[in-house]
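run_25.pdb follows; it contains PDB, C-alpha atoms.
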ATOM      1  CA  MET K  31       0.000   0.000   0.000
ATOM      2  CA  SER K  32       2.841   2.405   0.854
ATOM      3  CA  LEU K  33       4.372   1.814  -2.567
ATOM      4  CA  ILE K  34       1.077   2.666  -4.339
ATOM      5  CA  LEU K  35       0.756   5.894  -2.369
ATOM      6  CA  GLN K  36       4.320   6.828  -3.301
ATOM      7  CA  ILE K  37       3.663   6.129  -6.981
ATOM      8  CA  LEU K  38       0.662   8.464  -6.925
ATOM      9  CA  GLN K  39       2.684  11.407  -5.624
ATOM     10  CA  ASN K  40       2.978  14.006  -8.393
ATOM     11  CA  GLN K  41       1.599  11.433 -10.850
ATOM     12  CA  SER K  42      -0.359  12.868 -13.786
ATOM     13  CA  GLN K  43      -0.571   9.906 -16.158
ATOM     14  CA  LEU K  44      -4.200   8.744 -16.186
ATOM     15  CA  SER K  45      -3.454   5.055 -16.688
ATOM     16  CA  THR K  46      -1.250   5.017 -13.585
ATOM     17  CA  ILE K  47      -3.855   6.898 -11.548
ATOM     18  CA  LYS K  48      -6.529   4.414 -12.678
ATOM     19  CA  TYR K  49      -4.364   1.443 -11.743
ATOM     20  CA  SER K  50      -3.499   2.935  -8.362
ATOM     21  CA  ALA K  51      -7.100   3.813  -7.508
ATOM     22  CA  ARG K  52      -8.218   0.285  -8.402
ATOM     23  CA  THR K  53      -5.410  -1.246  -6.342
ATOM     24  CA  ILE K  54      -6.266   0.833  -3.250
ATOM     25  CA  SER K  55      -9.935  -0.084  -3.623
ATOM     26  CA  ASN K  56      -9.115  -3.789  -3.940
ATOM     27  CA  CYS K  57      -6.788  -3.677  -0.936
ATOM     28  CA  LEU K  58      -9.503  -2.176   1.242
ATOM     29  CA  HIS K  59     -12.357  -4.339  -0.044
ATOM     30  CA  GLY K  60     -13.506  -6.865   2.548
ATOM     31  CA  HIS K  61     -10.334  -6.401   4.577
ATOM     32  CA  PRO K  62     -10.674  -3.972   7.497
ATOM     33  CA  ILE K  63      -7.444  -2.119   8.158
ATOM     34  CA  PRO K  64      -5.807  -3.778  11.200
ATOM     35  CA  THR K  65      -5.456  -1.561  14.260
ATOM     36  CA  THR K  66      -1.730  -2.353  14.273
ATOM     37  CA  VAL K  67      -1.184  -0.548  10.951
ATOM     38  CA  ASP K  68       0.860   2.635  11.242
ATOM     39  CA  GLN K  69      -1.454   5.614  11.778
ATOM     40  CA  GLN K  70       0.566   7.759   9.377
ATOM     41  CA  LEU K  71      -0.108   5.208   6.620
ATOM     42  CA  ILE K  72      -3.827   5.313   7.390
ATOM     43  CA  GLY K  73      -3.740   9.087   7.227
ATOM     44  CA  ASN K  74      -1.929   8.932   3.892
ATOM     45  CA  ILE K  75      -4.535   6.548   2.490
ATOM     46  CA  LEU K  76      -7.367   8.963   3.312
ATOM     47  CA  LEU K  77      -5.371  11.947   2.054
ATOM     48  CA  THR K  78      -4.822  10.185  -1.264
ATOM     49  CA  LEU K  79      -8.490   9.209  -1.559
ATOM     50  CA  SER K  80      -9.485  12.787  -0.716
ATOM     51  CA  GLN K  81      -7.468  13.955  -3.705
ATOM     52  CA  LEU K  82      -8.618  11.238  -6.099
ATOM     53  CA  ILE K  83     -12.306  11.920  -5.436
ATOM     54  CA  TYR K  84     -11.934  15.188  -7.370
ATOM     55  CA  ASN K  85     -10.643  13.398 -10.461
ATOM     56  CA  LEU K  86     -12.976  13.628 -13.461
ATOM     57  CA  ASP K  87     -12.405  10.131 -14.816
ATOM     58  CA  GLU K  88     -15.343   7.781 -14.093
ATOM     59  CA  GLU K  89     -13.186   4.726 -13.408
ATOM     60  CA  VAL K  90     -11.047   6.638 -10.940
ATOM     61  CA  LEU K  91     -14.130   8.097  -9.251
ATOM     62  CA  SER K  92     -15.829   4.707  -9.042
ATOM     63  CA  ASP K  93     -12.827   2.999  -7.469
ATOM     64  CA  THR K  94     -12.173   5.935  -5.147
ATOM     65  CA  ALA K  95     -15.769   6.113  -3.923
ATOM     66  CA  CYS K  96     -15.702   2.359  -3.306
ATOM     67  CA  ALA K  97     -12.400   2.689  -1.437
ATOM     68  CA  ILE K  98     -13.778   5.478   0.784
ATOM     69  CA  PHE K  99     -16.788   3.312   1.589
ATOM     70  CA  ASN K 100     -14.554   0.358   2.469
ATOM     71  CA  TYR K 101     -12.199   2.606   4.441
ATOM     72  CA  SER K 102     -14.956   3.941   6.685
ATOM     73  CA  ASN K 103     -17.474   1.072   6.627
ATOM     74  CA  LEU K 104     -18.805   0.331  10.125
ATOM     75  CA  ASN K 105     -15.885   2.146  11.727
ATOM     76  CA  GLU K 106     -16.952   5.178  13.747
ATOM     77  CA  LYS K 107     -13.442   6.610  14.017
ATOM     78  CA  ARG K 108     -12.814   6.452  10.266
ATOM     79  CA  MET K 109     -16.255   7.845   9.470
ATOM     80  CA  LYS K 110     -15.264  10.860  11.519
ATOM     81  CA  GLN K 111     -11.950  11.073   9.680
ATOM     82  CA  VAL K 112     -13.752  11.103   6.323
ATOM     83  CA  ILE K 113     -16.054  13.869   7.525
ATOM     84  CA  GLU K 114     -13.133  15.899   8.882
ATOM     85  CA  SER K 115     -11.249  15.484   5.597
ATOM     86  CA  GLY K 116     -13.667  17.966   4.014
ATOM     87  CA  ILE K 117     -14.819  15.805   1.095
ATOM     88  CA  CYS K 118     -18.450  15.334   2.132
ATOM     89  CA  ARG K 119     -19.716  18.136  -0.103
ATOM     90  CA  ARG K 120     -17.929  16.524  -3.036
ATOM     91  CA  LEU K 121     -19.530  13.191  -2.146
ATOM     92  CA  ALA K 122     -22.939  14.886  -2.068
ATOM     93  CA  GLU K 123     -22.311  16.331  -5.525
ATOM     94  CA  LEU K 124     -21.463  12.886  -6.862
ATOM     95  CA  LEU K 125     -24.857  11.526  -5.813
ATOM     96  CA  LYS K 126     -26.070  13.209  -9.014
ATOM     97  CA  HIS K 127     -23.531  11.336 -11.151
ATOM     98  CA  SER K 128     -24.836   9.161 -13.986
ATOM     99  CA  ASN K 129     -22.488   6.295 -13.058
ATOM    100  CA  ILE K 130     -24.476   3.899 -10.864
ATOM    101  CA  CYS K 131     -21.386   2.327  -9.247
ATOM    102  CA  ILE K 132     -20.261   5.741  -8.003
ATOM    103  CA  VAL K 133     -23.702   6.530  -6.601
ATOM    104  CA  GLU K 134     -24.005   3.117  -4.920
ATOM    105  CA  SER K 135     -20.750   3.565  -3.006
ATOM    106  CA  ILE K 136     -21.596   7.085  -1.897
ATOM    107  CA  LEU K 137     -25.050   6.038  -0.743
ATOM    108  CA  GLY K 138     -23.319   3.389   1.361
ATOM    109  CA  ILE K 139     -21.075   6.045   2.894
ATOM    110  CA  PHE K 140     -24.005   8.299   3.789
ATOM    111  CA  ARG K 141     -26.042   5.346   5.080
ATOM    112  CA  ASN K 142     -23.237   4.579   7.519
ATOM    113  CA  PHE K 143     -22.977   8.247   8.507
ATOM    114  CA  SER K 144     -26.720   8.474   9.194
ATOM    115  CA  SER K 145     -26.768   5.307  11.305
ATOM    116  CA  SER K 146     -23.719   6.206  13.382
ATOM    117  CA  LYS K 147     -24.067   5.354  17.068
ATOM    118  CA  ASP K 148     -21.650   8.006  18.314
ATOM    119  CA  ASP K 149     -22.319  11.043  16.108
ATOM    120  CA  LYS K 150     -25.711  10.365  14.522
ATOM    121  CA  TYR K 151     -27.237  13.810  15.037
ATOM    122  CA  VAL K 152     -24.049  15.619  14.019
ATOM    123  CA  ASN K 153     -23.646  13.477  10.904
ATOM    124  CA  ILE K 154     -27.286  13.903   9.902
ATOM    125  CA  GLN K 155     -26.986  17.667  10.228
ATOM    126  CA  ILE K 156     -23.852  17.685   8.079
ATOM    127  CA  MET K 157     -25.725  15.710   5.419
ATOM    128  CA  ILE K 158     -28.590  18.194   5.516
ATOM    129  CA  ASN K 159     -26.185  21.149   5.332
ATOM    130  CA  ILE K 160     -24.463  19.811   2.207
ATOM    131  CA  SER K 161     -27.816  19.249   0.458
ATOM    132  CA  VAL K 162     -27.964  15.463   0.429
ATOM    133  CA  LEU K 163     -31.766  15.447   0.762
ATOM    134  CA  PRO K 164     -32.583  16.765  -2.758
ATOM    135  CA  SER K 165     -30.441  14.013  -4.280
ATOM    136  CA  LEU K 166     -32.075  11.384  -2.082
ATOM    137  CA  LEU K 167     -35.473  12.621  -3.232
ATOM    138  CA  GLN K 168     -34.462  12.091  -6.856
ATOM    139  CA  LEU K 169     -32.953   8.676  -6.160
ATOM    140  CA  MET K 170     -36.148   7.470  -4.478
ATOM    141  CA  SER K 171     -37.662   7.392  -7.974
ATOM    142  CA  HIS K 172     -34.641   5.846  -9.711
ATOM    143  CA  LYS K 173     -35.193   2.848 -11.993
ATOM    144  CA  LYS K 174     -32.682   0.768 -10.005
ATOM    145  CA  ILE K 175     -34.278  -0.951  -6.999
ATOM    146  CA  PHE K 176     -31.044  -0.919  -5.005
ATOM    147  CA  LEU K 177     -30.648   2.846  -5.346
ATOM    148  CA  ARG K 178     -34.275   3.471  -4.380
ATOM    149  CA  ARG K 179     -33.896   1.235  -1.360
ATOM    150  CA  GLU K 180     -30.645   2.805  -0.189
ATOM    151  CA  ALA K 181     -32.060   6.308  -0.582
ATOM    152  CA  CYS K 182     -35.112   5.340   1.473
ATOM    153  CA  LYS K 183     -32.902   3.791   4.167
ATOM    154  CA  ILE K 184     -30.950   7.009   4.557
ATOM    155  CA  VAL K 185     -34.123   9.109   4.776
ATOM    156  CA  SER K 186     -35.446   6.651   7.363
ATOM    157  CA  ASN K 187     -32.261   7.124   9.400
ATOM    158  CA  ILE K 188     -32.583  10.909   9.114
ATOM    159  CA  CYS K 189     -36.109  10.611  10.527
ATOM    160  CA  CYS K 190     -34.471   9.108  13.628
ATOM    161  CA  GLY K 191     -32.807  12.470  14.132
ATOM    162  CA  ASN K 192     -34.117  15.479  16.020
ATOM    163  CA  ARG K 193     -37.289  17.353  15.119
ATOM    164  CA  GLU K 194     -35.505  20.088  13.202
ATOM    165  CA  GLN K 195     -33.891  17.423  11.046
ATOM    166  CA  ILE K 196     -37.249  15.720  10.507
ATOM    167  CA  GLN K 197     -38.651  19.098   9.468
ATOM    168  CA  SER K 198     -35.956  19.283   6.792
ATOM    169  CA  VAL K 199     -37.286  16.023   5.347
ATOM    170  CA  ILE K 200     -40.814  17.421   5.350
ATOM    171  CA  LYS K 201     -39.727  20.716   3.751
ATOM    172  CA  GLU K 202     -37.946  18.836   0.981
ATOM    173  CA  ASN K 203     -41.329  17.287   0.018
ATOM    174  CA  ILE K 204     -40.006  13.776   0.455
ATOM    175  CA  ILE K 205     -43.087  12.436   2.244
ATOM    176  CA  PRO K 206     -45.410  12.720  -0.808
ATOM    177  CA  VAL K 207     -42.947  10.472  -2.658
ATOM    178  CA  VAL K 208     -43.021   8.033   0.274
ATOM    179  CA  ILE K 209     -46.817   7.934   0.059
ATOM    180  CA  MET K 210     -46.613   7.439  -3.708
ATOM    181  CA  ILE K 211     -44.292   4.451  -3.173
ATOM    182  CA  LEU K 212     -46.843   2.873  -0.837
ATOM    183  CA  SER K 213     -49.637   3.527  -3.347
ATOM    184  CA  ASP K 214     -47.763   1.893  -6.223
ATOM    185  CA  GLY K 215     -49.046  -1.651  -6.517
ATOM    186  CA  LYS K 216     -46.064  -2.630  -8.670
ATOM    187  CA  GLU K 217     -43.379  -1.326  -6.295
ATOM    188  CA  ASP K 218     -41.006  -3.863  -4.755
ATOM    189  CA  TYR K 219     -42.008  -4.872  -1.229
ATOM    190  CA  ARG K 220     -38.506  -4.073   0.073
ATOM    191  CA  ILE K 221     -38.906  -0.462  -1.015
ATOM    192  CA  LYS K 222     -42.331  -0.322   0.632
ATOM    193  CA  MET K 223     -40.826  -1.626   3.857
ATOM    194  CA  GLU K 224     -38.224   1.151   3.837
ATOM    195  CA  ALA K 225     -40.940   3.706   2.988
ATOM    196  CA  MET K 226     -42.957   2.520   5.977
ATOM    197  CA  SER K 227     -39.847   2.807   8.136
ATOM    198  CA  ILE K 228     -39.618   6.471   7.122
ATOM    199  CA  LEU K 229     -43.190   7.107   8.273
ATOM    200  CA  TYR K 230     -42.820   5.070  11.463
ATOM    201  CA  ASN K 231     -39.637   6.903  12.476
ATOM    202  CA  LEU K 232     -41.276  10.233  11.696
ATOM    203  CA  PHE K 233     -44.308   9.337  13.829
ATOM    204  CA  VAL K 234     -42.132   8.232  16.751
ATOM    205  CA  ASN K 235     -39.544  11.028  16.636
ATOM    206  CA  GLY K 236     -41.562  13.912  15.214
ATOM    207  CA  ASN K 237     -43.716  16.370  17.133
ATOM    208  CA  GLN K 238     -47.504  16.474  17.007
ATOM    209  CA  ASP K 239     -47.595  19.145  14.282
ATOM    210  CA  GLN K 240     -45.280  17.101  12.065
ATOM    211  CA  VAL K 241     -47.302  13.934  12.526
ATOM    212  CA  ASP K 242     -50.551  15.819  11.883
ATOM    213  CA  HIS K 243     -49.052  17.253   8.699
ATOM    214  CA  VAL K 244     -48.284  13.777   7.374
ATOM    215  CA  VAL K 245     -51.503  12.113   8.530
ATOM    216  CA  ILE K 246     -54.025  14.913   8.047
ATOM    217  CA  LYS K 247     -52.674  17.259   5.377
ATOM    218  CA  LEU K 248     -50.816  14.720   3.233
ATOM    219  CA  GLY K 249     -53.300  11.919   3.978
ATOM    220  CA  CYS K 250     -50.926   8.992   4.347
ATOM    221  CA  LEU K 251     -53.358   6.560   6.012
ATOM    222  CA  PRO K 252     -55.276   5.348   2.909
ATOM    223  CA  SER K 253     -51.992   4.447   1.194
ATOM    224  CA  ILE K 254     -50.761   2.624   4.305
ATOM    225  CA  ILE K 255     -54.019   0.700   4.603
ATOM    226  CA  ASP K 256     -53.970  -0.267   0.912
ATOM    227  CA  VAL K 257     -50.665  -2.067   1.439
ATOM    228  CA  LEU K 258     -52.417  -4.364   3.923
ATOM    229  CA  GLU K 259     -54.376  -5.931   1.066
ATOM    230  CA  SER K 260     -51.282  -6.740  -0.983
ATOM    231  CA  ASP K 261     -49.781 -10.201  -1.236
ATOM    232  CA  ASP K 262     -46.464  -8.684  -0.210
ATOM    233  CA  CYS K 263     -47.922  -7.738   3.127
ATOM    234  CA  LYS K 264     -49.650 -11.077   3.626
ATOM    235  CA  ASN K 265     -46.388 -12.897   2.944
ATOM    236  CA  ASN K 266     -43.988 -10.626   4.802
ATOM    237  CA  ASN K 267     -44.270 -10.344   8.568
ATOM    238  CA  LYS K 268     -41.780  -7.460   8.797
ATOM    239  CA  LEU K 269     -43.778  -5.261   6.421
ATOM    240  CA  LEU K 270     -47.036  -6.179   8.124
ATOM    241  CA  THR K 271     -45.596  -5.539  11.578
ATOM    242  CA  ILE K 272     -44.253  -2.070  10.816
ATOM    243  CA  ILE K 273     -47.605  -1.058   9.301
ATOM    244  CA  LEU K 274     -49.524  -2.266  12.339
ATOM    245  CA  GLU K 275     -47.028  -0.691  14.743
ATOM    246  CA  SER K 276     -47.322   2.613  12.870
ATOM    247  CA  ILE K 277     -51.112   2.593  13.087
ATOM    248  CA  LYS K 278     -51.075   1.621  16.750
ATOM    249  CA  TYR K 279     -48.571   4.360  17.522
ATOM    250  CA  LEU K 280     -50.810   6.938  15.889
ATOM    251  CA  LEU K 281     -53.732   5.761  18.004
ATOM    252  CA  ASP K 282     -51.579   5.707  21.131
ATOM    253  CA  LEU K 283     -50.092   9.107  20.382
ATOM    254  CA  SER K 284     -52.906  11.252  21.642
ATOM    255  CA  CYS K 285     -55.508   8.864  23.006
ATOM    256  CA  ASP K 286     -56.962  11.549  25.283
ATOM    257  CA  SER K 287     -57.297  14.228  22.616
ATOM    258  CA  ASP K 288     -59.578  15.066  19.723
ATOM    259  CA  ILE K 289     -56.796  14.233  17.276
ATOM    260  CA  ASN K 290     -57.117  10.583  18.226
ATOM    261  CA  HIS K 291     -60.783  10.566  17.189
ATOM    262  CA  LEU K 292     -59.800  12.215  13.915
ATOM    263  CA  TYR K 293     -57.278   9.452  13.254
ATOM    264  CA  LEU K 294     -59.961   6.909  14.097
ATOM    265  CA  GLN K 295     -62.324   8.512  11.640
ATOM    266  CA  TYR K 296     -59.688   8.487   8.904
ATOM    267  CA  LEU K 297     -59.144   4.774   9.526
ATOM    268  CA  LYS K 298     -62.876   4.178   9.297
ATOM    269  CA  ASP K 299     -63.195   6.209   6.103
ATOM    270  CA  CYS K 300     -60.623   4.066   4.296
ATOM    271  CA  GLU K 301     -62.057   0.831   5.783
ATOM    272  CA  GLY K 302     -58.886   0.452   7.759
ATOM    273  CA  PHE K 303     -60.310  -1.473  10.663
ATOM    274  CA  GLU K 304     -61.920  -4.044   8.369
ATOM    275  CA  LYS K 305     -58.628  -4.595   6.551
ATOM    276  CA  ILE K 306     -56.748  -4.812   9.837
ATOM    277  CA  GLU K 307     -59.269  -7.283  11.241
ATOM    278  CA  PHE K 308     -58.384  -9.663   8.404
ATOM    279  CA  TYR K 309     -55.176 -10.397  10.335
ATOM    280  CA  SER K 310     -56.841 -11.007  13.697
ATOM    281  CA  ASN K 311     -56.281 -14.766  13.458
ATOM    282  CA  PHE K 312     -52.880 -14.509  11.826
ATOM    283  CA  ASN K 313     -50.444 -17.359  12.500
ATOM    284  CA  ASN K 314     -48.130 -15.035  14.398
ATOM    285  CA  ILE K 315     -49.018 -14.241  17.985
ATOM    286  CA  ASP K 316     -47.287 -10.861  18.021
ATOM    287  CA  ILE K 317     -49.155  -9.717  14.931
ATOM    288  CA  SER K 318     -52.465 -11.024  16.284
ATOM    289  CA  ASN K 319     -51.903  -9.113  19.511
ATOM    290  CA  LEU K 320     -51.137  -5.910  17.599
ATOM    291  CA  VAL K 321     -54.325  -6.321  15.568
ATOM    292  CA  ASN K 322     -56.429  -6.869  18.671
ATOM    293  CA  GLU K 323     -54.931  -3.829  20.399
ATOM    294  CA  ILE K 324     -55.778  -1.657  17.376
ATOM    295  CA  LEU K 325     -59.314  -3.021  17.150
ATOM    296  CA  GLU K 326     -59.863  -2.159  20.819
ATOM    297  CA  TYR K 327     -59.759   1.529  19.900
ATOM    298  CA  LYS K 328     -62.655   1.084  17.509
ATOM    299  CA  ASN K 329     -64.592  -1.085  19.950
ATOM    300  CA  ASN K 330     -64.113   1.396  22.760
ATOM    301  CA  GLU K 331     -65.312   4.261  20.594
ATOM    302  CA  ASP K 332     -68.347   2.260  19.455
ATOM    303  CA  MET K 333     -69.224   1.648  23.110
ATOM    304  CA  ASP K 334     -68.970   5.399  23.801
TER     305      ASP K 334
END
Before we go any further, please render this structure as structure tokens.
Amino acid sequence: MSLILQILQNQSQLSTIKYSARTISNCLHGHPIPTTVDQQLIGNILLTLSQLIYNLDEEVLSDTACAIFNYSNLNEKRMKQVIESGICRRLAELLKHSNICIVESILGIFRNFSSSKDDKYVNIQIMINISVLPSLLQLMSHKKIFLRREACKIVSNICCGNREQIQSVIKENIIPVVIMILSDGKEDYRIKMEAMSILYNLFVNGNQDQVDHVVIKLGCLPSIIDVLESDDCKNNNKLLTIILESIKYLLDLSCDSDINHLYLQYLKDCEGFEKIEFYSNFNNIDISNLVNEILEYKNNEDMD
């Protein structure tokens, strides 16, 4: 690795740069850098990658983006080093690149940033500040399933942030696209699961005004309920569970307020309780319990 870094110093020949970028990427792929490796070498690797990411050649960019992902993957310390290197804005710009391999690697980098255990809120704010959200919005409608899924995962992670960060998602008009994904009968169930995760995280971490905006103004409930009738939902416990948990959370959210009765009415209007009741004898005890807890709200209101 040291030899490759030395070769790249003051190197302008494209073929050599391509070879070196590919070699660095291959060295880092699937092989976490041992903690015993000299810290100066590690610093030199990141410095080199930080320079290569500004190259205009697609092959160099693809290998460099992949190397940065491998360098920082699931390593909190190296994620922080990448952020401190000052290349995040460049990475955000490359989310708009036409080369899918480049975009895939960078989505992986930002997914790791947004799910960080140590610096989650800081990382999410950096991503918002460098305008990652508009690119994610575009990628949520990309023809490639993997890119749509990764974009949704990152937005879902951002909705685990603070309320100001959730508001940024709302202001970017991402939620209407989420609702559209749920309404699309041809959409892949994995994308729908990530879309539901976005709504669930928003419900749990957002404030009442934000939840009301999504439920009342944007009218997300009919689209959520429609998914319950799909074969994907009937055959996938994870998708079914997150839908039921989302609905139950909404009903739990303000059970002593008028908003709760409004949510109940919306569920009635889209025949939500009937579609939920279909799963009351489901062959999964946890799901059956969730269904029964939701139906109690309707039964209690009917008694009133």
Suppose you want the space between CA of Tyr309 in chain K and CA of Gly236 in chain K; what is it in Å?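 Computed distance, CA of Tyr309 in chain K to CA of Gly236 in chain K, equals 28.3 Å.
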Run the PyMOL selection byres ((chain K and resi 243-258) around 6) against the file shown and list the residues it catches, as a list in words. Leu212, Ser213, Gln240, Val241, Asp242, Glu259, Ser260, Cys263, Cys300 and Gly302 of chain K
Between CA of Ile273 in chain K and CA of Phe312 in chain K - distance in Å to one decimal: 14.7 Å
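The interatomic distance for the pair CA of Asn142 in chain K and CA of Asp218 in chain K works out to 23.2 Å.
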Do a neighbour search on Asn129 in chain K at 9 Å with all atoms listed in the file, toss out local chain neighbours closer than 4 positions, and write the hits as a VMD selection string. chain K and resid 88 92 133 to 134
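Excluding range 279-283 of chain K itself and any same-chain residue fewer than 3 positions from it, the protein and nucleic acid residues within 10 Å of it, counting all atoms listed in the file, are Tyr230, Phe233, Val234, Gln238, Val241, Asp242, Val245, Ile273, Leu274, Glu275, Ser276, Asp286, Ser287, Ile289, Asn290, His291, Leu292, Tyr293, Leu294, Glu323, Ile324 and Tyr327 of chain K.
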Selection result of the PyMOL selection byres ((chain K and resi 180) around 12) on this file, as JSON, numbers by chain: {"K": [125, 133, 134, 135, 136, 137, 138, 139, 140, 141, 142, 144, 165, 166, 167, 169, 170, 171, 172, 174, 175, 176, 177, 178, 179, 181, 182, 183, 184, 185, 186, 187, 220, 221, 223, 224, 225]}
Could you state which residues are captured by the PyMOL selection byres ((chain K and resi 158) around 12) in this file, as a ChimeraX atom specification? /K:118-119,122,140,143-144,151-157,159-166,184-185,188-189,191,194-199,201-202
Top pick for closest residue to Leu320 in chain K, considering K:Lys298, K:His127, K:Glu114, K:Thr271 and counting only C-alpha atoms: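 That would be K:Thr271, the residue with the smallest distance to Leu320 in chain K.
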Nearest to Tyr101 in chain K by atom-to-atom distance, counting only C-alpha atoms, from K:Lys328, K:Lys216, K:His59, K:Lys305: K:His59
Would you list the contacts of range 97-100 of chain K as a PyMOL selection string, taking every protein, DNA or RNA residue within 8 Å and counting all atoms listed in the file, but skipping same-chain residues closer than 2 positions in sequence? chain K and resi 54-56+58-60+62+76+79+93-95+102-103+112+135-136+138-139
Just the selected residues (C-alpha atoms), exported as an mmCIF file, keeping the file's coordinate frame, please.
data_model
loop_
_atom_site.group_PDB
_atom_site.id
_atom_site.type_symbol
_atom_site.label_atom_id
_atom_site.label_comp_id
_atom_site.auth_asym_id
_atom_site.auth_seq_id
_atom_site.Cartn_x
_atom_site.Cartn_y
_atom_site.Cartn_z
ATOM 1 C CA ILE K 54 -6.266 0.833 -3.250
ATOM 2 C CA SER K 55 -9.935 -0.084 -3.623
ATOM 3 C CA ASN K 56 -9.115 -3.789 -3.940
ATOM 4 C CA LEU K 58 -9.503 -2.176 1.242
ATOM 5 C CA HIS K 59 -12.357 -4.339 -0.044
ATOM 6 C CA GLY K 60 -13.506 -6.865 2.548
ATOM 7 C CA PRO K 62 -10.674 -3.972 7.497
ATOM 8 C CA LEU K 76 -7.367 8.963 3.312
ATOM 9 C CA LEU K 79 -8.490 9.209 -1.559
ATOM 10 C CA ASP K 93 -12.827 2.999 -7.469
ATOM 11 C CA THR K 94 -12.173 5.935 -5.147
ATOM 12 C CA ALA K 95 -15.769 6.113 -3.923
ATOM 13 C CA SER K 102 -14.956 3.941 6.685
ATOM 14 C CA ASN K 103 -17.474 1.072 6.627
ATOM 15 C CA VAL K 112 -13.752 11.103 6.323
ATOM 16 C CA SER K 135 -20.750 3.565 -3.006
ATOM 17 C CA ILE K 136 -21.596 7.085 -1.897
ATOM 18 C CA GLY K 138 -23.319 3.389 1.361
ATOM 19 C CA ILE K 139 -21.075 6.045 2.894
#
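The closest residue to Leu82 in chain K, picked from K:Met109, K:Cys96, K:Ile209, K:Ile277 and counting only C-alpha atoms, is K:Cys96.
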